[in-house]
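One structure is given below, encoded as structure tokens.
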Amino acid sequence: MTTPAATLIVVDDDPEIRELLADYLGRHGYRVFTADGAEALHALRSERSPDLLIVDLMLPGDDGFTICRDVRKHSDVPIIMLTASADETDRILGLELGADDYLSKPFNPRELLARIKAVLRRTRSDAAPIPTGQARWVGFGQWQLDRMTRELIDEKGERTSLSGADFQLLQVFLEHPATVLSRDDLYALTRGRDAPPFDRSIDVHVCRLRQRLGEDAQHSQLIRTVRGAGYVLTAQVDALT
């Protein structure tokens with residue numbers, strides 16, 4: 001059976017960029033819809049289940065931050081943010097709001113294509129099946145993880161869905177318990193490439209995952225900071241039946 005083409009929505013206020021990306025990504029097998037800032041939220045609500053969003057941060061009206069915040073209220077669809085700003089604060093805020101990756105303008109369309117493929121590999125459930133012999137259910141600390149549905153279950157049985165980036169990062173920690181992982185290790189294991197110089201996005205993702213686990217940086221017991229070295233998952237990890 002042929003895998004259906006992934007559906008992308010490109011949100012940018014520059015019509016030339018929208019046309020260029022729609023043409024380029026369309027020639028690589030994707031179904032591409034485009035929208036400017038004013039049309040974005042309407043397009044996201046009317047287009048059924050897009051597989052990935054590409055959103056420019058600097059939009060008039062509802063900017064990329066607003067769109068990301070609105071989408072994350074009701075969807076875990078992966079988001080790649082585009083930014084022309086050299087300010088790292090904008091990129092960090094975008095990641096804190098739930099973006100899965102970012103790319104600085106100007107960029108080579110081939111790099112964007114590679115980022116799209118990498119994010120979809122991490123987040124599409126049909127592209128990331130549970131390996132044979134690997135337990136669907138994993139217990140750690142006071143939590144359980146359902147790997148098939150990508151949901152965290154607390155002691156009361158309440159479920160929380162994880163975004164693709166949060167799930168992938170948690171998977172890495174669960175596969176390396178009691179092991180100090182540097183930022184470079186975590187970046188390479190979750191994204192499949194080396195971290196750019198001075199990149200701090202992993203810190204943002206760890207912070208967001210801690211929040212999912214009901215912890216903060218000062219009092220985290222599950223994912224501890226090892227000063228000058230990285231992070232470590234302290235809980236015992238058990239396969240559940």
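Chain identifiers are assigned as A, B, and so on, following the order in which chains appear in the structure tokens; residues are numbered from 1 within each chain, and ligands are numbered from 1 in order of appearance.
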Practice item. Could you give me, as a PyMOL selection string, the residues within 10 Å of range 199-212 of chain A, counting only C-alpha atoms and dropping anything in the same chain fewer than 5 positions from it? Key: chain A and resi 88+91-102+152+160-163+165-167+169-170+182-187+190+217+219-225+230-231
Point to revise | Test item, strand (DSSP E or B) assignment across chain A, answer as number ranges by chain | key: A: 7-11, 31-35, 52-56, 79-83, 101-104, 137-140, 143-146, 151-153, 159-161, 181, 223-226, 230-233, 237-240
Emit the selected residues as a PDB file, in the first residue's frame, including C-alpha atoms.
```
ATOM      1  CA  THR A   7      -0.064  17.446   4.283  1.00  0.00           C
ATOM      2  CA  LEU A   8       1.810  20.643   5.136  1.00  0.00           C
ATOM      3  CA  ILE A   9       0.565  24.160   5.799  1.00  0.00           C
ATOM      4  CA  VAL A  10       3.018  26.998   5.137  1.00  0.00           C
ATOM      5  CA  VAL A  11       2.161  30.197   7.025  1.00  0.00           C
ATOM      6  CA  ARG A  31       0.423  18.230  -0.290  1.00  0.00           C
ATOM      7  CA  VAL A  32       1.007  21.893   0.492  1.00  0.00           C
ATOM      8  CA  PHE A  33      -1.478  24.564   1.546  1.00  0.00           C
ATOM      9  CA  THR A  34      -0.417  28.155   2.186  1.00  0.00           C
ATOM     10  CA  ALA A  35      -1.754  31.049   4.230  1.00  0.00           C
ATOM     11  CA  LEU A  52       3.026  19.491   9.911  1.00  0.00           C
ATOM     12  CA  LEU A  53       2.941  23.297  10.089  1.00  0.00           C
ATOM     13  CA  ILE A  54       5.663  25.657   8.870  1.00  0.00           C
ATOM     14  CA  VAL A  55       5.081  29.008  10.559  1.00  0.00           C
ATOM     15  CA  ASP A  56       6.940  32.304  10.210  1.00  0.00           C
ATOM     16  CA  ILE A  79       5.457  22.821  14.083  1.00  0.00           C
ATOM     17  CA  ILE A  80       8.616  24.126  12.421  1.00  0.00           C
ATOM     18  CA  MET A  81       9.124  27.840  13.001  1.00  0.00           C
ATOM     19  CA  LEU A  82      10.893  30.161  10.588  1.00  0.00           C
ATOM     20  CA  THR A  83      12.518  33.309  11.929  1.00  0.00           C
ATOM     21  CA  ASP A 101      12.122  22.754  15.449  1.00  0.00           C
ATOM     22  CA  TYR A 102      13.145  26.111  14.009  1.00  0.00           C
ATOM     23  CA  LEU A 103      15.075  27.408  11.016  1.00  0.00           C
ATOM     24  CA  SER A 104      16.607  30.840  10.540  1.00  0.00           C
ATOM     25  CA  TRP A 137       3.950   0.271  28.818  1.00  0.00           C
ATOM     26  CA  VAL A 138       6.885   1.687  30.771  1.00  0.00           C
ATOM     27  CA  GLY A 139       6.894   2.696  34.427  1.00  0.00           C
ATOM     28  CA  PHE A 140       9.230   5.252  35.981  1.00  0.00           C
ATOM     29  CA  TRP A 143       4.392   7.711  36.066  1.00  0.00           C
ATOM     30  CA  GLN A 144       3.543   5.307  33.299  1.00  0.00           C
ATOM     31  CA  LEU A 145       4.092   5.908  29.592  1.00  0.00           C
ATOM     32  CA  ASP A 146       1.899   4.349  26.926  1.00  0.00           C
ATOM     33  CA  GLU A 151       0.377   9.380  26.681  1.00  0.00           C
ATOM     34  CA  LEU A 152       1.637   9.901  30.223  1.00  0.00           C
ATOM     35  CA  ILE A 153      -0.524   8.389  32.974  1.00  0.00           C
ATOM     36  CA  ARG A 159      -3.714  10.855  30.799  1.00  0.00           C
ATOM     37  CA  THR A 160      -1.662  13.610  29.179  1.00  0.00           C
ATOM     38  CA  SER A 161      -0.817  13.512  25.477  1.00  0.00           C
ATOM     39  CA  LEU A 181      23.505  12.856  28.886  1.00  0.00           C
ATOM     40  CA  ILE A 223      15.351  14.660  35.518  1.00  0.00           C
ATOM     41  CA  ARG A 224      18.198  16.242  37.412  1.00  0.00           C
ATOM     42  CA  THR A 225      20.702  18.787  36.162  1.00  0.00           C
ATOM     43  CA  VAL A 226      24.326  17.727  36.506  1.00  0.00           C
ATOM     44  CA  GLY A 230      24.058  17.630  31.274  1.00  0.00           C
ATOM     45  CA  TYR A 231      20.955  15.828  32.565  1.00  0.00           C
ATOM     46  CA  VAL A 232      20.181  12.446  34.104  1.00  0.00           C
ATOM     47  CA  LEU A 233      16.982  10.464  34.627  1.00  0.00           C
ATOM     48  CA  VAL A 237      12.641   2.234  34.482  1.00  0.00           C
ATOM     49  CA  ASP A 238      10.500  -0.910  34.318  1.00  0.00           C
ATOM     50  CA  ALA A 239       8.708  -2.614  31.447  1.00  0.00           C
ATOM     51  CA  LEU A 240       5.076  -3.212  32.453  1.00  0.00           C
TER      52      LEU A 240
END
```
Review point. Looking at only C-alpha atoms, which of A:Phe173, A:Ile116, A:Gly26, A:Asp12 is the one that sits closest to Gly64 in chain A?
Key: A:Asp12
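With only C-alpha atoms as the atoms that count, the minimum distance from Gly29 in chain A to the choices A:Val180, A:Ala235, A:Ala5, A:Val172 is reached by A:Ala5.
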Check your understanding: range 77-202 of chain A: which residues are helix (DSSP H, G or I) by DSSP, as a ChimeraX atom specification?
Key -> /A:88-96,109-123,125-127,164-175,183-191,201-202
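Distance-wise, CA of Ser85 in chain A and CA of Leu57 in chain A end up 8.7 Å apart.
The nearest approach to Asp154 in chain A among the residues A:Ala178, A:Asn108, A:Arg72, A:Gly141, with only C-alpha atoms taken into account, belongs to A:Gly141.
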Point to revise | Nearest candidate to Gly61 in chain A (options A:Asp90, A:Leu189, A:Lys117, A:Asp13; using only C-alpha atoms) | key: A:Asp13
Point to revise | Atom pair CA of Pro78 in chain A / CA of Asp63 in chain A: separation (Å) | key: 17.3 Å
